[in-house]
Amino acid sequence: MTADAMTPELLGFQLTHRAMRGDTRRLATLAAELTEGRQTADPARARTVSEYIRTLCAGIHHHHTMEDRVLWPVLERSAGAEVDLRDLSDDHSSLDPLLNEIDGQAAAFATTRDASALASSLTRLADLLDEHIEEEERLLFPVIAKYVSVADWKRVEDAVRKGTKPGVELPRIEQYARPEELARLRKLAGPMLTVLLAVFRGGHRRRQRQIFGPLAA
Ligand SMILES: [Fe+2]
C-alpha cells in the first residue's frame with residue numbers, strides 16, 4: 001500500500017512486468033549469440049538455459065491468466081465503462097500459442113543445443129511483451145489507482161503470487177528493482193523479504209552467471 005494506505009500499491013506488478021520484459025529480451029539476445037557462434041553452450045549450460053526459458057514462459061502465462069481471471073473481473077466490477085479490456089485480452093490470446101511454441105523449442109534446445117528457432121521466437125515475444133505491457137500499464141494503472149480497493153488489489157496480487165516460485169521470482173524482482181524501489185519494497189514487505197532474499201540470492205546469481213555469462217547479476 002502507498003503511504004496513505006488508501007490506494008493500491010502497483011510497485012510489485014510494475015517490477016514483475018519489468019522482469020518479464022527484461023529477461024525475455026536478454027534471452028532473445030543470448031539465443032541470437034548462440035546461433036551466430038558468438039557464445040557456446042555446453043550440455044549443463046544448455047539445460048539451465050532451457051529450464052529458465054520454460055520457467056519464464058510458465059510465469060508469463062500464469063501472470064496473464066490471473067489478469068484474465070482475477071484482475072479483469074475486479075476492473076469490470078470497480079471501473080465498469082471506464083475501461084475496455086478487449087485489446088489486452090486479444091493480446092493475451094495471441095501470446096499463449098507463442099509461449100507454447102517457445103516452451104517446446106526450449107525443451108528441444110536442452111538436447112540439440114541449436115538456438116536458432118528460439119532466437120526468432122524470443123525476439124517476437126520480447127517485442128509483443130514490450131508493446132502489450134506498455135499499453136497495459138498506460139491504460140490500467142491509472143484506473144486501478146482510482147477505482148480498485150486495497151482489499152481487491154491484495155486479492156489480485158495474492159492470486160498472481162500463488163502460482164510463482166519464490167526462489168525464482170523474489171531474486172529476479174531484486175535484480176530488476178532500482179535501489180529506491182527496493183527500499184520501498186522492503187518497507188512494505190517487512191523483514192521476511194530480507195530473509196528470503198538472503199536464502200535465494202546465491203542460487204539465483206549462480207544460475208544467472210551460468211545462463212548469461214560471468215558478469216550477470
Ligand atoms: Fe497482460
# chains A, B, ... in the order shown; residues from 1 in each chain; ligands from 1

call {"tool": "closest_atom_pairs", "arguments": {"of": "chain A", "to": "ligand 1", "cutoff": "10 Å", "atoms": "only C-alpha atoms and all ligand atoms", "output": "CSV"}}
result
residue,atom,partner,partner_atom_place_in_ligand_line,distance
A:His17,CA,ligand 1,1 (Fe),8.8
A:Ile60,CA,ligand 1,1 (Fe),8.7
A:His61,CA,ligand 1,1 (Fe),9.3
A:His63,CA,ligand 1,1 (Fe),7.3
A:His64,CA,ligand 1,1 (Fe),5.0
A:Thr65,CA,ligand 1,1 (Fe),8.4
A:Met66,CA,ligand 1,1 (Fe),9.1
A:Glu67,CA,ligand 1,1 (Fe),6.4
A:Asp68,CA,ligand 1,1 (Fe),8.1
A:Leu71,CA,ligand 1,1 (Fe),9.8
A:Leu85,CA,ligand 1,1 (Fe),9.9
A:Leu88,CA,ligand 1,1 (Fe),6.3
A:Ser89,CA,ligand 1,1 (Fe),7.5
A:Asp90,CA,ligand 1,1 (Fe),9.8
A:Asp91,CA,ligand 1,1 (Fe),7.5
A:His92,CA,ligand 1,1 (Fe),6.3
A:Leu95,CA,ligand 1,1 (Fe),9.5
A:Leu129,CA,ligand 1,1 (Fe),8.4
A:His132,CA,ligand 1,1 (Fe),6.6
A:Ile133,CA,ligand 1,1 (Fe),6.2
A:Glu134,CA,ligand 1,1 (Fe),9.6
A:Glu135,CA,ligand 1,1 (Fe),8.9
A:Glu136,CA,ligand 1,1 (Fe),6.3
A:Glu137,CA,ligand 1,1 (Fe),8.9
A:Leu140,CA,ligand 1,1 (Fe),9.9

call {"tool": "write_last_selection", "arguments": {"atoms": "N, CA and C atoms", "output": "mmCIF file, in the first residue's frame"}}
result
data_model
loop_
_atom_site.group_PDB
_atom_site.id
_atom_site.type_symbol
_atom_site.label_atom_id
_atom_site.label_comp_id
_atom_site.auth_asym_id
_atom_site.auth_seq_id
_atom_site.Cartn_x
_atom_site.Cartn_y
_atom_site.Cartn_z
ATOM 1 N N HIS A 17 6.425 -6.985 -14.290
ATOM 2 C CA HIS A 17 6.398 -6.678 -15.725
ATOM 3 C C HIS A 17 7.812 -6.386 -16.248
ATOM 4 N N ILE A 60 4.929 -16.122 -17.368
ATOM 5 C CA ILE A 60 4.200 -15.127 -18.167
ATOM 6 C C ILE A 60 2.767 -15.619 -18.409
ATOM 7 N N HIS A 61 2.642 -16.910 -18.715
ATOM 8 C CA HIS A 61 1.311 -17.478 -18.935
ATOM 9 C C HIS A 61 0.464 -17.345 -17.663
ATOM 10 N N HIS A 63 0.815 -15.214 -15.191
ATOM 11 C CA HIS A 63 0.518 -13.798 -14.913
ATOM 12 C C HIS A 63 -0.684 -13.334 -15.748
ATOM 13 N N HIS A 64 -0.675 -13.680 -17.021
ATOM 14 C CA HIS A 64 -1.780 -13.250 -17.881
ATOM 15 C C HIS A 64 -3.075 -13.980 -17.559
ATOM 16 N N THR A 65 -2.947 -15.243 -17.171
ATOM 17 C CA THR A 65 -4.154 -15.992 -16.806
ATOM 18 C C THR A 65 -4.808 -15.367 -15.570
ATOM 19 N N MET A 66 -3.974 -14.982 -14.609
ATOM 20 C CA MET A 66 -4.532 -14.351 -13.391
ATOM 21 C C MET A 66 -5.117 -12.972 -13.702
ATOM 22 N N GLU A 67 -4.521 -12.275 -14.652
ATOM 23 C CA GLU A 67 -5.123 -10.991 -15.065
ATOM 24 C C GLU A 67 -6.518 -11.255 -15.655
ATOM 25 N N ASP A 68 -6.604 -12.244 -16.536
ATOM 26 C CA ASP A 68 -7.900 -12.561 -17.158
ATOM 27 C C ASP A 68 -8.928 -12.993 -16.107
ATOM 28 N N LEU A 71 -8.017 -10.133 -12.192
ATOM 29 C CA LEU A 71 -7.967 -8.671 -12.321
ATOM 30 C C LEU A 71 -9.087 -8.128 -13.204
ATOM 31 N N LEU A 85 -11.277 -3.766 -22.023
ATOM 32 C CA LEU A 85 -10.206 -4.755 -21.886
ATOM 33 C C LEU A 85 -10.030 -5.622 -23.132
ATOM 34 N N LEU A 88 -6.454 -5.840 -24.768
ATOM 35 C CA LEU A 88 -5.494 -6.515 -23.878
ATOM 36 C C LEU A 88 -5.797 -8.014 -23.813
ATOM 37 N N SER A 89 -7.093 -8.373 -23.806
ATOM 38 C CA SER A 89 -7.455 -9.802 -23.802
ATOM 39 C C SER A 89 -7.012 -10.468 -25.097
ATOM 40 N N ASP A 90 -7.187 -9.755 -26.218
ATOM 41 C CA ASP A 90 -6.735 -10.305 -27.508
ATOM 42 C C ASP A 90 -5.225 -10.552 -27.482
ATOM 43 N N ASP A 91 -4.490 -9.609 -26.890
ATOM 44 C CA ASP A 91 -3.027 -9.798 -26.776
ATOM 45 C C ASP A 91 -2.725 -11.068 -25.994
ATOM 46 N N HIS A 92 -3.441 -11.271 -24.885
ATOM 47 C CA HIS A 92 -3.199 -12.483 -24.083
ATOM 48 C C HIS A 92 -3.439 -13.726 -24.930
ATOM 49 N N LEU A 95 -0.573 -14.220 -27.280
ATOM 50 C CA LEU A 95 0.694 -14.579 -26.629
ATOM 51 C C LEU A 95 0.745 -16.067 -26.298
ATOM 52 N N LEU A 129 5.637 -8.386 -25.881
ATOM 53 C CA LEU A 129 5.507 -8.043 -24.458
ATOM 54 C C LEU A 129 5.760 -6.562 -24.217
ATOM 55 N N HIS A 132 2.597 -4.845 -25.363
ATOM 56 C CA HIS A 132 1.435 -5.194 -24.533
ATOM 57 C C HIS A 132 1.532 -4.575 -23.136
ATOM 58 N N ILE A 133 2.686 -4.712 -22.528
ATOM 59 C CA ILE A 133 2.828 -4.255 -21.136
ATOM 60 C C ILE A 133 2.808 -2.727 -21.072
ATOM 61 N N GLU A 134 3.427 -2.082 -22.059
ATOM 62 C CA GLU A 134 3.358 -0.608 -22.065
ATOM 63 C C GLU A 134 1.909 -0.147 -22.153
ATOM 64 N N GLU A 135 1.159 -0.799 -23.026
ATOM 65 C CA GLU A 135 -0.256 -0.458 -23.205
ATOM 66 C C GLU A 135 -1.049 -0.738 -21.917
ATOM 67 N N GLU A 136 -0.777 -1.902 -21.336
ATOM 68 C CA GLU A 136 -1.498 -2.303 -20.125
ATOM 69 C C GLU A 136 -1.238 -1.309 -18.981
ATOM 70 N N GLU A 137 0.018 -0.937 -18.800
ATOM 71 C CA GLU A 137 0.328 -0.017 -17.701
ATOM 72 C C GLU A 137 -0.252 1.371 -17.978
ATOM 73 N N LEU A 140 -4.279 0.753 -17.702
ATOM 74 C CA LEU A 140 -4.895 0.194 -16.484
ATOM 75 C C LEU A 140 -4.378 0.767 -15.173
#

call {"tool": "residues_around", "arguments": {"residues": "Leu99 in chain A", "least_positions_apart": "5", "cutoff": "9 Å", "atoms": "only C-alpha atoms", "output": "list in words"}}
result
Arg54, Cys57, Ala58, Ile60, His61, Gly104, Ser121 and Leu125 of chain A

call {"tool": "write_last_selection", "arguments": {"atoms": "all heavy atoms", "output": "PDB file, in the first residue's frame"}}
result
ATOM      1  N   ARG A  54      11.780 -22.046 -19.905  1.00  0.00           N
ATOM      2  CA  ARG A  54      10.491 -22.719 -19.662  1.00  0.00           C
ATOM      3  C   ARG A  54       9.804 -22.150 -18.422  1.00  0.00           C
ATOM      4  O   ARG A  54       8.591 -21.962 -18.417  1.00  0.00           O
ATOM      5  CB  ARG A  54      10.693 -24.233 -19.554  1.00  0.00           C
ATOM      6  CG  ARG A  54      11.292 -24.804 -20.840  1.00  0.00           C
ATOM      7  CD  ARG A  54      11.323 -26.298 -20.850  1.00  0.00           C
ATOM      8  NE  ARG A  54       9.989 -26.831 -21.083  1.00  0.00           N
ATOM      9  CZ  ARG A  54       9.684 -28.113 -21.035  1.00  0.00           C
ATOM     10  NH1 ARG A  54      10.615 -29.006 -20.743  1.00  0.00           N
ATOM     11  NH2 ARG A  54       8.459 -28.511 -21.269  1.00  0.00           N
ATOM     12  N   CYS A  57       8.380 -18.743 -19.426  1.00  0.00           N
ATOM     13  CA  CYS A  57       7.142 -18.870 -20.216  1.00  0.00           C
ATOM     14  C   CYS A  57       5.960 -19.240 -19.316  1.00  0.00           C
ATOM     15  O   CYS A  57       4.866 -18.675 -19.445  1.00  0.00           O
ATOM     16  CB  CYS A  57       7.290 -19.950 -21.305  1.00  0.00           C
ATOM     17  SG  CYS A  57       8.317 -19.442 -22.669  1.00  0.00           S
ATOM     18  N   ALA A  58       6.187 -20.171 -18.400  1.00  0.00           N
ATOM     19  CA  ALA A  58       5.110 -20.571 -17.483  1.00  0.00           C
ATOM     20  C   ALA A  58       4.696 -19.378 -16.629  1.00  0.00           C
ATOM     21  O   ALA A  58       3.506 -19.168 -16.361  1.00  0.00           O
ATOM     22  CB  ALA A  58       5.572 -21.738 -16.606  1.00  0.00           C
ATOM     23  N   ILE A  60       4.929 -16.122 -17.368  1.00  0.00           N
ATOM     24  CA  ILE A  60       4.200 -15.127 -18.167  1.00  0.00           C
ATOM     25  C   ILE A  60       2.767 -15.619 -18.409  1.00  0.00           C
ATOM     26  O   ILE A  60       1.801 -14.863 -18.282  1.00  0.00           O
ATOM     27  CB  ILE A  60       4.919 -14.852 -19.518  1.00  0.00           C
ATOM     28  CG1 ILE A  60       6.289 -14.221 -19.264  1.00  0.00           C
ATOM     29  CG2 ILE A  60       4.070 -13.953 -20.418  1.00  0.00           C
ATOM     30  CD1 ILE A  60       7.173 -14.122 -20.510  1.00  0.00           C
ATOM     31  N   HIS A  61       2.642 -16.910 -18.715  1.00  0.00           N
ATOM     32  CA  HIS A  61       1.311 -17.478 -18.935  1.00  0.00           C
ATOM     33  C   HIS A  61       0.464 -17.345 -17.663  1.00  0.00           C
ATOM     34  O   HIS A  61      -0.697 -16.926 -17.717  1.00  0.00           O
ATOM     35  CB  HIS A  61       1.424 -18.943 -19.359  1.00  0.00           C
ATOM     36  CG  HIS A  61       0.103 -19.635 -19.441  1.00  0.00           C
ATOM     37  ND1 HIS A  61      -0.801 -19.375 -20.454  1.00  0.00           N
ATOM     38  CD2 HIS A  61      -0.488 -20.534 -18.618  1.00  0.00           C
ATOM     39  CE1 HIS A  61      -1.892 -20.097 -20.245  1.00  0.00           C
ATOM     40  NE2 HIS A  61      -1.734 -20.803 -19.144  1.00  0.00           N
ATOM     41  N   GLY A 104       8.256 -25.502 -26.213  1.00  0.00           N
ATOM     42  CA  GLY A 104       8.685 -26.693 -26.972  1.00  0.00           C
ATOM     43  C   GLY A 104      10.096 -26.510 -27.516  1.00  0.00           C
ATOM     44  O   GLY A 104      10.926 -27.431 -27.457  1.00  0.00           O
ATOM     45  N   SER A 121      11.838 -16.623 -32.128  1.00  0.00           N
ATOM     46  CA  SER A 121      10.571 -16.579 -31.375  1.00  0.00           C
ATOM     47  C   SER A 121      10.695 -15.763 -30.090  1.00  0.00           C
ATOM     48  O   SER A 121       9.748 -15.082 -29.690  1.00  0.00           O
ATOM     49  CB  SER A 121      10.043 -17.983 -31.100  1.00  0.00           C
ATOM     50  OG  SER A 121      11.023 -18.739 -30.451  1.00  0.00           O
ATOM     51  N   LEU A 125       8.501 -12.576 -29.028  1.00  0.00           N
ATOM     52  CA  LEU A 125       7.852 -12.466 -27.713  1.00  0.00           C
ATOM     53  C   LEU A 125       8.263 -11.167 -27.017  1.00  0.00           C
ATOM     54  O   LEU A 125       7.407 -10.468 -26.446  1.00  0.00           O
ATOM     55  CB  LEU A 125       8.230 -13.677 -26.836  1.00  0.00           C
ATOM     56  CG  LEU A 125       7.638 -13.675 -25.422  1.00  0.00           C
ATOM     57  CD1 LEU A 125       6.105 -13.744 -25.453  1.00  0.00           C
ATOM     58  CD2 LEU A 125       8.192 -14.837 -24.587  1.00  0.00           C
TER      59      LEU A 125
END

call {"tool": "residues_around", "arguments": {"residues": "range 114-120 of chain A", "least_positions_apart": "4", "cutoff": "6 Å", "atoms": "only C-alpha atoms", "output": "ChimeraX atom specification"}}
result
/A:28,31-32,35,109

call {"tool": "write_last_selection", "arguments": {"atoms": "N, CA and C atoms", "output": "short mmCIF file (atom, residue, chain, number, x, y, z; two decimals), in the first residue's frame"}}
result
data_model
loop_
_atom_site.label_atom_id
_atom_site.label_comp_id
_atom_site.auth_asym_id
_atom_site.auth_seq_id
_atom_site.Cartn_x
_atom_site.Cartn_y
_atom_site.Cartn_z
N ALA A 28 16.53 -13.48 -25.68
CA ALA A 28 16.50 -13.38 -27.15
C ALA A 28 17.90 -13.04 -27.66
N ALA A 31 20.08 -16.13 -27.28
CA ALA A 31 19.79 -17.15 -28.30
C ALA A 31 20.40 -16.74 -29.64
N ALA A 32 20.35 -15.44 -29.97
CA ALA A 32 20.94 -14.97 -31.23
C ALA A 32 22.46 -15.18 -31.20
N THR A 35 23.32 -18.75 -31.65
CA THR A 35 23.09 -19.16 -33.05
C THR A 35 24.23 -18.69 -33.94
N PHE A 109 15.99 -27.50 -27.15
CA PHE A 109 17.33 -26.90 -27.06
C PHE A 109 18.21 -27.61 -26.02
#

call {"tool": "closest_residue", "arguments": {"among": "A:Ala81, A:Arg38, A:Arg26, A:Gln14", "to": "Tyr147 in chain A", "atoms": "only C-alpha atoms"}}
result
A:Ala81

call {"tool": "closest_residue", "arguments": {"among": "A:Ser50, A:Arg205, A:Met20, A:Val143", "to": "Glu76 in chain A", "atoms": "only C-alpha atoms"}}
result
A:Val143

call {"tool": "closest_residue", "arguments": {"among": "A:Val150, A:Leu30, A:Leu56, A:Val168", "to": "Pro8 in chain A", "atoms": "only C-alpha atoms"}}
result
A:Val150

call {"tool": "residues_around", "arguments": {"residues": "Ser149 in chain A", "least_positions_apart": "3", "cutoff": "7 Å", "atoms": "only C-alpha atoms", "output": "VMD selection string"}}
result
chain A and resid 7 to 8 152 to 153

call {"tool": "write_last_selection", "arguments": {"atoms": "C-alpha atoms", "output": "PDB file, in the first residue's frame"}}
result
ATOM      1  CA  THR A   7      -4.822   3.222  -2.870  1.00  0.00           C
ATOM      2  CA  PRO A   8      -3.329   0.019  -4.328  1.00  0.00           C
ATOM      3  CA  ASP A 152      -9.434  -6.221  -4.093  1.00  0.00           C
ATOM      4  CA  TRP A 153      -5.915  -5.368  -5.208  1.00  0.00           C
TER       5      TRP A 153
END

call {"tool": "residues_around", "arguments": {"residues": "Arg201 in chain A", "least_positions_apart": "5", "cutoff": "12 Å", "atoms": "only C-alpha atoms", "output": "list in words"}}
result
Pro166, Gly167, Val168, Glu169, Leu170, Pro171, Arg172, Ile173, Glu174, Gln175, Leu193, Thr194, Val195, Leu196, Arg206, Arg207, Gln208 and Ala217 of chain A

call {"tool": "closest_residue", "arguments": {"among": "A:Glu36, A:Pro43, A:Ile53, A:Ala108", "to": "Leu122 in chain A", "atoms": "only C-alpha atoms"}}
result
A:Ile53

call {"tool": "select_by_dssp", "arguments": {"residues": "chain A", "states": "alpha helix (DSSP H)", "output": "ChimeraX atom specification"}}
result
/A:11-35,43-66,72-79,86-112,116-147,150-162,166-176,179-189,191-212

call {"tool": "decode", "arguments": {"residues": "range 152-168 of chain A", "atoms": "N, CA, C and O atoms", "output": "tab-separated table (two decimals), in the first residue's frame"}}
result
chain	number	residue	atom	x	y	z
A	152	ASP	N	-9.35	-5.52	-2.80
A	152	ASP	CA	-9.43	-6.22	-4.09
A	152	ASP	C	-8.05	-6.37	-4.72
A	152	ASP	O	-7.73	-7.40	-5.32
A	153	TRP	N	-7.26	-5.31	-4.61
A	153	TRP	CA	-5.91	-5.37	-5.21
A	153	TRP	C	-5.06	-6.44	-4.52
A	153	TRP	O	-4.31	-7.15	-5.16
A	154	LYS	N	-5.24	-6.58	-3.21
A	154	LYS	CA	-4.50	-7.61	-2.47
A	154	LYS	C	-4.89	-9.00	-2.99
A	154	LYS	O	-4.05	-9.87	-3.15
A	155	ARG	N	-6.18	-9.18	-3.28
A	155	ARG	CA	-6.64	-10.46	-3.82
A	155	ARG	C	-5.97	-10.77	-5.16
A	155	ARG	O	-5.57	-11.89	-5.44
A	156	VAL	N	-5.88	-9.73	-6.00
A	156	VAL	CA	-5.23	-9.90	-7.31
A	156	VAL	C	-3.76	-10.29	-7.10
A	156	VAL	O	-3.26	-11.26	-7.69
A	157	GLU	N	-3.08	-9.54	-6.25
A	157	GLU	CA	-1.65	-9.81	-6.03
A	157	GLU	C	-1.43	-11.20	-5.43
A	157	GLU	O	-0.50	-11.90	-5.81
A	158	ASP	N	-2.30	-11.59	-4.50
A	158	ASP	CA	-2.16	-12.92	-3.88
A	158	ASP	C	-2.34	-14.01	-4.93
A	158	ASP	O	-1.62	-15.00	-4.94
A	159	ALA	N	-3.34	-13.83	-5.82
A	159	ALA	CA	-3.59	-14.83	-6.87
A	159	ALA	C	-2.39	-14.94	-7.80
A	159	ALA	O	-1.98	-16.03	-8.19
A	160	VAL	N	-1.80	-13.80	-8.15
A	160	VAL	CA	-0.64	-13.80	-9.04
A	160	VAL	C	0.54	-14.48	-8.34
A	160	VAL	O	1.24	-15.31	-8.92
A	161	ARG	N	0.73	-14.15	-7.06
A	161	ARG	CA	1.89	-14.68	-6.32
A	161	ARG	C	1.80	-16.19	-6.14
A	161	ARG	O	2.81	-16.88	-6.18
A	162	LYS	N	0.58	-16.69	-5.94
A	162	LYS	CA	0.37	-18.10	-5.61
A	162	LYS	C	1.02	-19.06	-6.62
A	162	LYS	O	1.54	-20.09	-6.24
A	163	GLY	N	0.97	-18.75	-7.89
A	163	GLY	CA	1.49	-19.68	-8.89
A	163	GLY	C	2.96	-19.49	-9.21
A	163	GLY	O	3.46	-20.07	-10.15
A	164	THR	N	3.67	-18.65	-8.47
A	164	THR	CA	5.07	-18.41	-8.82
A	164	THR	C	6.00	-19.10	-7.82
A	164	THR	O	5.60	-19.41	-6.70
A	165	LYS	N	7.25	-19.33	-8.25
A	165	LYS	CA	8.23	-19.95	-7.35
A	165	LYS	C	9.02	-18.83	-6.69
A	165	LYS	O	9.74	-18.09	-7.38
A	166	PRO	N	8.91	-18.69	-5.36
A	166	PRO	CA	9.60	-17.58	-4.71
A	166	PRO	C	11.11	-17.59	-4.93
A	166	PRO	O	11.74	-16.54	-5.03
A	167	GLY	N	11.69	-18.79	-5.07
A	167	GLY	CA	13.15	-18.89	-5.29
A	167	GLY	C	13.59	-18.29	-6.60
A	167	GLY	O	14.75	-17.91	-6.78
A	168	VAL	N	12.67	-18.23	-7.57
A	168	VAL	CA	12.97	-17.62	-8.86
A	168	VAL	C	12.51	-16.17	-8.86
A	168	VAL	O	13.23	-15.26	-9.27
